[in-house]
Amino acid sequence: RDNAPMIINIQSKRGAQKPFDNVKMANNLIERSLLEYIDDKNSEGRLVYELAMNAKGSFRYRKARGAVQQISHIAPHRPVWMRLLEIPSSKLDGEFIPHAKHLLSSNMLQWIKGASACSVKGYCFGHSLPRLSGPYILVFGIDQDDVSEVADRVADQIRNHEQGSHCQFLKETRG
C-alpha cells in the first residue's frame, strides 16, 4: 500500500455567489471533522498547524519563517500565527520520553516569551503528551514577528541544551 499523504481537493459549487466563502466553509468543516475524529486534545495543535502548512492551491495560508496564520484551535478561535517545534525524544518500551521539561518552567517561559503576547504550549509531558504524534511545542500569537522570535528562542534553547555536556537525557537514551 502506498504511504503517500491524502490529498483533498475542495472546489466551490458552480454558480456560488461567494466562491471563496464556499471553499472556506468546506475547509472549516473538514478541519472540525478531523479534530473530532482524532479525539486527542493534545494532537489538535499539530493537526491544525500541519493542515495549514501543507495547504496548496487557491486556499493558501499566509506563511513566513516556519510560521503559518491559521484560526486558533483553542478559544477564542481567532486568526493567529503559529509555529510548531519538535521536541527531541526517544521511544522506550513503546512510550515517548520527551526532552524539554526545562523549557516549560515558569522562569524559562517568562524569558522565552519576553515582552511578546505570545503563548507557548508544551505538548510533551504527562497528561499533555499527544497520543497520535511525537511531542511538540506550539508557539502562537497575533504578531508574526513575535511568534518567529519566540519560536527561535525555543529552538535555540533546545539546541544549546542538547549540545551541552550536562545533557543526561541524551547520554542515557542515545548512547
# chains A, B, ... in the order shown; residues from 1 in each chain; ligands from 1
$ closest_atom_pairs --of "stretch 80-121 of chain A" --to "stretch 40-63 of chain A" --cutoff "10 Å" --atoms "only C-alpha atoms" --output "JSON lines"
{"residue": "A:Trp81", "atom": "CA", "partner": "A:Lys63", "partner_atom": "CA", "distance": 8.6}
{"residue": "A:Met82", "atom": "CA", "partner": "A:Tyr49", "partner_atom": "CA", "distance": 7.1}
{"residue": "A:Arg83", "atom": "CA", "partner": "A:Tyr49", "partner_atom": "CA", "distance": 7.4}
{"residue": "A:Leu84", "atom": "CA", "partner": "A:Arg46", "partner_atom": "CA", "distance": 7.2}
{"residue": "A:Leu85", "atom": "CA", "partner": "A:Arg46", "partner_atom": "CA", "distance": 9.7}
{"residue": "A:Lys121", "atom": "CA", "partner": "A:Gly45", "partner_atom": "CA", "distance": 9.3}
$ residues_around --residues "A:Ala115" --least-positions-apart "6" --cutoff "12 Å" --atoms "only C-alpha atoms" --output "NGL selection string"
:A and (109 or 146-147 or 149-150)
$ write_last_selection --atoms "N, CA, C and O atoms" --output "JSON list (two decimals), in the first residue's frame"
[["chain", "number", "residue", "atom", "x", "y", "z"],
["A", 109, "LEU", "N", 9.87, 30.06, 30.64],
["A", 109, "LEU", "CA", 8.78, 30.53, 29.77],
["A", 109, "LEU", "C", 8.71, 32.06, 29.76],
["A", 109, "LEU", "O", 8.50, 32.67, 28.71],
["A", 146, "ASP", "N", 6.70, 38.40, 16.39],
["A", 146, "ASP", "CA", 6.80, 37.92, 17.77],
["A", 146, "ASP", "C", 6.82, 36.39, 17.82],
["A", 146, "ASP", "O", 7.62, 35.79, 18.54],
["A", 147, "VAL", "N", 5.94, 35.75, 17.04],
["A", 147, "VAL", "CA", 5.89, 34.28, 17.03],
["A", 147, "VAL", "C", 7.22, 33.72, 16.54],
["A", 147, "VAL", "O", 7.78, 32.79, 17.14],
["A", 149, "GLU", "N", 10.18, 35.17, 16.62],
["A", 149, "GLU", "CA", 11.23, 35.46, 17.61],
["A", 149, "GLU", "C", 11.15, 34.50, 18.80],
["A", 149, "GLU", "O", 12.16, 33.95, 19.24],
["A", 150, "VAL", "N", 9.95, 34.28, 19.31],
["A", 150, "VAL", "CA", 9.78, 33.38, 20.46],
["A", 150, "VAL", "C", 10.12, 31.94, 20.06],
["A", 150, "VAL", "O", 10.82, 31.24, 20.79]]
$ closest_atom_pairs --of "stretch 69-134 of chain A" --to "stretch 31-35 of chain A" --cutoff "12 Å" --atoms "only C-alpha atoms" --output "tab-separated table"
residue	atom	partner	partner_atom	distance
A:Gln70	CA	A:Glu31	CA	11.4
A:Ile71	CA	A:Glu31	CA	10.5
A:Ser72	CA	A:Glu31	CA	11.6
A:His73	CA	A:Leu35	CA	8.9
A:Ile74	CA	A:Leu35	CA	11.5
A:Leu132	CA	A:Leu35	CA	11.9
$ write_last_selection --atoms "N, CA, C and O atoms" --output "PDB file, in the first residue's frame"
ATOM      1  N   GLN A  70      -3.404  30.931  10.928  1.00  0.00           N
ATOM      2  CA  GLN A  70      -4.495  29.956  10.937  1.00  0.00           C
ATOM      3  C   GLN A  70      -5.460  30.349  12.048  1.00  0.00           C
ATOM      4  O   GLN A  70      -5.064  31.019  13.002  1.00  0.00           O
ATOM      5  N   ILE A  71      -6.699  29.901  11.941  1.00  0.00           N
ATOM      6  CA  ILE A  71      -7.664  30.115  13.023  1.00  0.00           C
ATOM      7  C   ILE A  71      -7.232  29.228  14.195  1.00  0.00           C
ATOM      8  O   ILE A  71      -6.996  28.031  14.020  1.00  0.00           O
ATOM      9  N   SER A  72      -7.132  29.804  15.371  1.00  0.00           N
ATOM     10  CA  SER A  72      -6.704  29.057  16.554  1.00  0.00           C
ATOM     11  C   SER A  72      -7.682  27.928  16.861  1.00  0.00           C
ATOM     12  O   SER A  72      -8.893  28.098  16.769  1.00  0.00           O
ATOM     13  N   HIS A  73      -7.139  26.789  17.240  1.00  0.00           N
ATOM     14  CA  HIS A  73      -7.956  25.627  17.601  1.00  0.00           C
ATOM     15  C   HIS A  73      -8.469  25.729  19.037  1.00  0.00           C
ATOM     16  O   HIS A  73      -9.271  24.920  19.461  1.00  0.00           O
ATOM     17  N   ILE A  74      -7.995  26.726  19.780  1.00  0.00           N
ATOM     18  CA  ILE A  74      -8.494  26.941  21.140  1.00  0.00           C
ATOM     19  C   ILE A  74      -9.136  28.326  21.219  1.00  0.00           C
ATOM     20  O   ILE A  74      -8.807  29.214  20.436  1.00  0.00           O
ATOM     21  N   LEU A 132      -1.115  10.743  19.290  1.00  0.00           N
ATOM     22  CA  LEU A 132      -1.036  10.490  17.859  1.00  0.00           C
ATOM     23  C   LEU A 132       0.215  11.037  17.183  1.00  0.00           C
ATOM     24  O   LEU A 132       0.336  10.943  15.969  1.00  0.00           O
TER      25      LEU A 132
END
$ select_by_dssp --residues "stretch 7-131 of chain A" --states "helix (DSSP H, G or I)" --output "VMD selection string"
chain A and resid 19 to 38 41 to 54 101 to 104 106 to 113 126 to 128
$ residues_around --residues "stretch 151-165 of chain A" --least-positions-apart "5" --cutoff "12 Å" --atoms "only C-alpha atoms" --output "VMD selection string"
chain A and resid 65 to 67 81 to 89 98 to 104 108 to 114 116 118 to 122 136 to 141 144 to 146 170 to 171 174
$ atom_distance --atom1 "atom CA of A:Asp93" --atom2 "atom CA of A:Ser128"
18.9 Å
$ select_by_dssp --residues "chain A" --states "strand (DSSP E)" --output "PyMOL selection string"
chain A and resi 63-64+67-71+79-86+89-92+95-98+119-123+136-141
$ closest_residue --among "A:Ile30, A:Ala64, A:Ile97, A:Ala75" --to "A:Leu129" --atoms "only C-alpha atoms"
A:Ile97
$ residues_around --residues "A:Glu95" --least-positions-apart "3" --cutoff "12 Å" --atoms "only C-alpha atoms" --output "NGL selection string"
:A and (89-92 or 98 or 124-126 or 129-135)
$ atom_distance --atom1 "atom CA of A:Tyr123" --atom2 "atom CA of A:Leu29"
24.8 Å
$ decode --residues "stretch 37-50 of chain A" --atoms "N, CA, C and O atoms" --output "PDB file, in the first residue's frame"
ATOM      1  N   TYR A  37     -12.582  13.659  14.927  1.00  0.00           N
ATOM      2  CA  TYR A  37     -12.192  12.270  14.659  1.00  0.00           C
ATOM      3  C   TYR A  37     -10.963  11.844  15.464  1.00  0.00           C
ATOM      4  O   TYR A  37     -10.936  10.752  16.019  1.00  0.00           O
ATOM      5  N   ILE A  38      -9.944  12.709  15.532  1.00  0.00           N
ATOM      6  CA  ILE A  38      -8.728  12.302  16.244  1.00  0.00           C
ATOM      7  C   ILE A  38      -8.950  12.181  17.740  1.00  0.00           C
ATOM      8  O   ILE A  38      -8.268  11.420  18.408  1.00  0.00           O
ATOM      9  N   ASP A  39      -9.902  12.945  18.275  1.00  0.00           N
ATOM     10  CA  ASP A  39     -10.287  12.843  19.681  1.00  0.00           C
ATOM     11  C   ASP A  39      -9.077  12.842  20.620  1.00  0.00           C
ATOM     12  O   ASP A  39      -8.954  12.001  21.500  1.00  0.00           O
ATOM     13  N   ASP A  40      -8.159  13.763  20.377  1.00  0.00           N
ATOM     14  CA  ASP A  40      -6.974  13.894  21.221  1.00  0.00           C
ATOM     15  C   ASP A  40      -6.623  15.374  21.317  1.00  0.00           C
ATOM     16  O   ASP A  40      -6.009  15.934  20.411  1.00  0.00           O
ATOM     17  N   LYS A  41      -7.037  16.010  22.394  1.00  0.00           N
ATOM     18  CA  LYS A  41      -6.803  17.451  22.574  1.00  0.00           C
ATOM     19  C   LYS A  41      -5.332  17.812  22.410  1.00  0.00           C
ATOM     20  O   LYS A  41      -4.997  18.902  21.953  1.00  0.00           O
ATOM     21  N   ASN A  42      -4.451  16.902  22.785  1.00  0.00           N
ATOM     22  CA  ASN A  42      -3.017  17.189  22.733  1.00  0.00           C
ATOM     23  C   ASN A  42      -2.433  17.084  21.324  1.00  0.00           C
ATOM     24  O   ASN A  42      -1.297  17.477  21.106  1.00  0.00           O
ATOM     25  N   SER A  43      -3.186  16.546  20.385  1.00  0.00           N
ATOM     26  CA  SER A  43      -2.734  16.460  18.992  1.00  0.00           C
ATOM     27  C   SER A  43      -3.392  17.509  18.103  1.00  0.00           C
ATOM     28  O   SER A  43      -3.036  17.649  16.941  1.00  0.00           O
ATOM     29  N   GLU A  44      -4.354  18.256  18.637  1.00  0.00           N
ATOM     30  CA  GLU A  44      -5.105  19.215  17.830  1.00  0.00           C
ATOM     31  C   GLU A  44      -4.223  20.323  17.258  1.00  0.00           C
ATOM     32  O   GLU A  44      -4.362  20.699  16.097  1.00  0.00           O
ATOM     33  N   GLY A  45      -3.322  20.870  18.061  1.00  0.00           N
ATOM     34  CA  GLY A  45      -2.452  21.938  17.583  1.00  0.00           C
ATOM     35  C   GLY A  45      -1.612  21.495  16.408  1.00  0.00           C
ATOM     36  O   GLY A  45      -1.463  22.216  15.416  1.00  0.00           O
ATOM     37  N   ARG A  46      -1.069  20.284  16.498  1.00  0.00           N
ATOM     38  CA  ARG A  46      -0.263  19.756  15.393  1.00  0.00           C
ATOM     39  C   ARG A  46      -1.120  19.576  14.142  1.00  0.00           C
ATOM     40  O   ARG A  46      -0.695  19.935  13.039  1.00  0.00           O
ATOM     41  N   LEU A  47      -2.320  19.036  14.292  1.00  0.00           N
ATOM     42  CA  LEU A  47      -3.188  18.821  13.139  1.00  0.00           C
ATOM     43  C   LEU A  47      -3.509  20.149  12.446  1.00  0.00           C
ATOM     44  O   LEU A  47      -3.360  20.278  11.230  1.00  0.00           O
ATOM     45  N   VAL A  48      -3.929  21.136  13.208  1.00  0.00           N
ATOM     46  CA  VAL A  48      -4.291  22.438  12.642  1.00  0.00           C
ATOM     47  C   VAL A  48      -3.078  23.068  11.950  1.00  0.00           C
ATOM     48  O   VAL A  48      -3.175  23.598  10.838  1.00  0.00           O
ATOM     49  N   TYR A  49      -1.926  23.000  12.592  1.00  0.00           N
ATOM     50  CA  TYR A  49      -0.701  23.566  12.022  1.00  0.00           C
ATOM     51  C   TYR A  49      -0.333  22.848  10.724  1.00  0.00           C
ATOM     52  O   TYR A  49      -0.058  23.477   9.707  1.00  0.00           O
ATOM     53  N   GLU A  50      -0.324  21.519  10.751  1.00  0.00           N
ATOM     54  CA  GLU A  50       0.081  20.738   9.579  1.00  0.00           C
ATOM     55  C   GLU A  50      -0.884  20.940   8.408  1.00  0.00           C
ATOM     56  O   GLU A  50      -0.457  21.017   7.257  1.00  0.00           O
TER      57      GLU A  50
END
